[in-house]
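The block underneath contains the structure these notes are about, expressed in structure tokens.
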Amino acid sequence: MIFSWQPDQERQTIIKEVKILVVDDDIAIKNFTVNALTYCVNREVISFGDGLSAWRYIENGGQADMIISDVDMPKMNGFELLEKVRKNQANTVFILMSGHAENEGRAMASNADAFLAKPFAINDLFNIVQTYIVS
Amino acid sequence: MKRFGSDKGQMAPAADPNVLFRQRLYLLVIMVKARLKGYPVGNHRQSAVLENAAHLHQACNRIDITLPNAKAGVHLFKERVKLLCIMATALISDEYPLGVYRRDAILENIDSIAVAAFPEQELLLFHDILMAA
């Protein structure tokens, strides 16, 4: 195993008080994602087990800079959540994740910012933070 | 639309406990390496490290672990992971001294774990992200 650094870059900063939501009914994946992202951004990461709970949070004034949501969930799926969030918080980065290849095309058609294919690696989460959260 | 994660042919909806275990282990290695290099910690990072270490320590007894390179045996690998969990917990708590011997022992343990679990994988430390205080 080789330990290496990213190439030298001008130091950048994480969005101040960034709010990230993770939505997944698979508890193991949800907890792992929250754990990794909490470490990444050094801030609290909020999680929900279904789309409806996440939507209730947003509907009641909860803010989110980025939402990473599974597609197939009970009560409200990821596509429905994306549609509602787009109407409410247009600037929120919305990333759909799924282990089903057919959902990738639908994610693109639904105007998701990114698609996260399961299973994913730690470096994918770091890359997502690097792309959308580091300013 | 950007794309992250596994290739199309390797996609799977359910979480494989072994894959998840190795990803958590990879995260713990990053956490420990970042701490040794002096990146900022803070309450959230401290909690994340403690949670990940506790999870892995328990998982060692729960999961039937398979390794890409198990030359030294799975039992020894599990004991090394448990040791790394203890090392990470001590390192992040800042309550215990870290001398050159402990530092070397941590790095040697990481190297042995990496050879067994991530023989082909390059560990990236994302500088800009780890600098977040």
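By order of appearance in the structure tokens: chains A, B, ..., then residues from 1 within every chain, and ligands from 1 in the order shown.
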Using only C-alpha atoms, determine which residues lie at most 8 Å from Lys82 (chain B), disregarding the query and same-chain residues fewer than 3 positions distant; provide the list as a list of chain:residue names.
-> B:Leu56, B:His57, B:Cys60, B:Lys78, B:Glu79, B:Cys85, B:Ile86
Using 8 Å as the limit and counting only C-alpha atoms, can you tabulate each residue of chain B that touches chain A, with its shortest atom-to-atom distance in Å and the two atoms involved, as a Markdown table?
```
| residue | atom | partner | partner_atom | distance |
| --- | --- | --- | --- | --- |
| B:Met1 | CA | A:Ala114 | CA | 5.0 |
| B:Lys2 | CA | A:Ala114 | CA | 4.5 |
| B:Arg3 | CA | A:Phe115 | CA | 4.9 |
| B:Phe4 | CA | A:Leu116 | CA | 4.7 |
| B:Gly5 | CA | A:Phe120 | CA | 4.3 |
| B:Ser6 | CA | A:Ala117 | CA | 5.4 |
| B:Asp7 | CA | A:Ala117 | CA | 7.3 |
| B:Lys8 | CA | A:Ala101 | CA | 6.1 |
| B:Gln10 | CA | A:Pro119 | CA | 7.9 |
| B:Met11 | CA | A:Gly99 | CA | 5.0 |
| B:Ala12 | CA | A:Gly99 | CA | 4.3 |
| B:Pro13 | CA | A:Gly99 | CA | 3.7 |
| B:Ala14 | CA | A:Gly99 | CA | 7.3 |
| B:Ala15 | CA | A:Ile29 | CA | 6.7 |
| B:Leu20 | CA | A:Ile29 | CA | 7.8 |
| B:Gln23 | CA | A:Ile122 | CA | 6.2 |
| B:Arg24 | CA | A:Phe32 | CA | 7.2 |
| B:Tyr26 | CA | A:Ile122 | CA | 7.4 |
| B:Leu27 | CA | A:Ile122 | CA | 6.6 |
| B:Val41 | CA | A:Asn42 | CA | 7.8 |
| B:Gly42 | CA | A:Asn42 | CA | 7.0 |
| B:Asn43 | CA | A:Asn42 | CA | 7.8 |
| B:His44 | CA | A:Asn42 | CA | 5.3 |
| B:Arg45 | CA | A:Tyr39 | CA | 4.7 |
| B:Ala48 | CA | A:Asn35 | CA | 5.5 |
| B:Val49 | CA | A:Tyr39 | CA | 7.4 |
| B:Glu51 | CA | A:Asn35 | CA | 7.6 |
| B:Asn52 | CA | A:Asn35 | CA | 7.0 |
| B:Asp111 | CA | A:Met1 | CA | 7.5 |
| B:Ala114 | CA | A:Met1 | CA | 6.2 |
| B:Val115 | CA | A:Met1 | CA | 6.5 |
| B:Phe118 | CA | A:Met1 | CA | 6.8 |
| B:Pro119 | CA | A:Met1 | CA | 5.8 |
| B:Glu120 | CA | A:Met1 | CA | 6.4 |
| B:Gln121 | CA | A:Met1 | CA | 6.0 |
| B:Glu122 | CA | A:Ile2 | CA | 5.2 |
| B:Leu123 | CA | A:Phe3 | CA | 5.2 |
| B:Leu124 | CA | A:Ser4 | CA | 5.7 |
| B:Leu125 | CA | A:Trp5 | CA | 5.6 |
| B:Phe126 | CA | A:Gln6 | CA | 6.1 |
| B:His127 | CA | A:Gln6 | CA | 6.6 |
| B:Asp128 | CA | A:Gln12 | CA | 5.8 |
| B:Ile129 | CA | A:Cys40 | CA | 6.2 |
| B:Leu130 | CA | A:Cys40 | CA | 6.6 |
| B:Met131 | CA | A:Thr13 | CA | 7.7 |
| B:Ala132 | CA | A:Ile14 | CA | 6.1 |
| B:Ala133 | CA | A:Asn42 | CA | 6.7 |
```
DSSP-assigned alpha helix (DSSP H) among chain B, expressed as a VMD selection string = chain B and resid 17 to 36 42 to 62 74 to 93 100 to 117 127 to 130
Neighbour list for region 65-68 of chain A as a VMD selection string, cut-off 6 Å, only C-alpha atoms, skip fewer than 3 positions in-chain = chain A and resid 19 to 22 92 to 96
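You can rank A:Ile58, A:Met76, A:Val23, A:Val71 by their closest distance to Asn88 (chain A) using only C-alpha atoms, and at the top of that list sits A:Ile58.
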Choose the residue, out of B:Met87, B:Val81, B:Ala70, B:Leu50, that has the smallest atom-to-atom separation from Arg103 (chain B); count only C-alpha atoms.
-> B:Met87
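In terms of minimum interatomic distance to Ser112 (chain B), B:Gly73 ranks closest within B:Pro17, B:Gly9, B:Gly73, B:Pro40, counting only C-alpha atoms.
Distances from A:Asp25, A:Met73, A:Lys30, A:Leu81 to Ala54 (chain A) were compared using only C-alpha atoms, and the smallest one belongs to A:Leu81.
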May I have the residues within 8 Å of Ser110 (chain A) as an mmCIF file with N, CA and C atoms, in the first residue's frame, using only C-alpha atoms and disregarding those fewer than 3 positions away in the same chain?
```cif
data_model
loop_
_atom_site.group_PDB
_atom_site.id
_atom_site.type_symbol
_atom_site.label_atom_id
_atom_site.label_comp_id
_atom_site.auth_asym_id
_atom_site.auth_seq_id
_atom_site.Cartn_x
_atom_site.Cartn_y
_atom_site.Cartn_z
ATOM 1 N N PHE A 79 -36.514 9.617 -5.616
ATOM 2 C CA PHE A 79 -36.960 10.484 -6.716
ATOM 3 C C PHE A 79 -38.026 11.470 -6.231
ATOM 4 N N LEU A 82 -36.366 14.075 -4.102
ATOM 5 C CA LEU A 82 -35.630 15.014 -4.956
ATOM 6 C C LEU A 82 -36.576 16.055 -5.554
ATOM 7 N N GLU A 83 -37.701 15.597 -6.063
ATOM 8 C CA GLU A 83 -38.667 16.508 -6.694
ATOM 9 C C GLU A 83 -39.176 17.547 -5.692
ATOM 10 N N ARG A 106 -32.586 7.274 -14.726
ATOM 11 C CA ARG A 106 -33.700 8.018 -14.105
ATOM 12 C C ARG A 106 -33.178 9.172 -13.255
ATOM 13 N N ALA A 107 -32.046 8.943 -12.612
ATOM 14 C CA ALA A 107 -31.454 10.006 -11.778
ATOM 15 C C ALA A 107 -31.057 11.194 -12.649
#
```
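Using only C-alpha atoms for every distance, the candidate list A:Gly49, A:Pro74, A:Glu80, A:Gln89 yields A:Gln89 as the residue closest to Gly61 (chain A).
Note that CA of Asn18 (chain B) and CA of Ala116 (chain B) are 13.4 Å apart.
Listed by chain and then by rising number, the residues of chain B that DSSP assigns to strand (DSSP E) from the backbone are Lys2, Arg3, Phe4, Gly5, Leu123, Leu124 and Leu125 of chain B.
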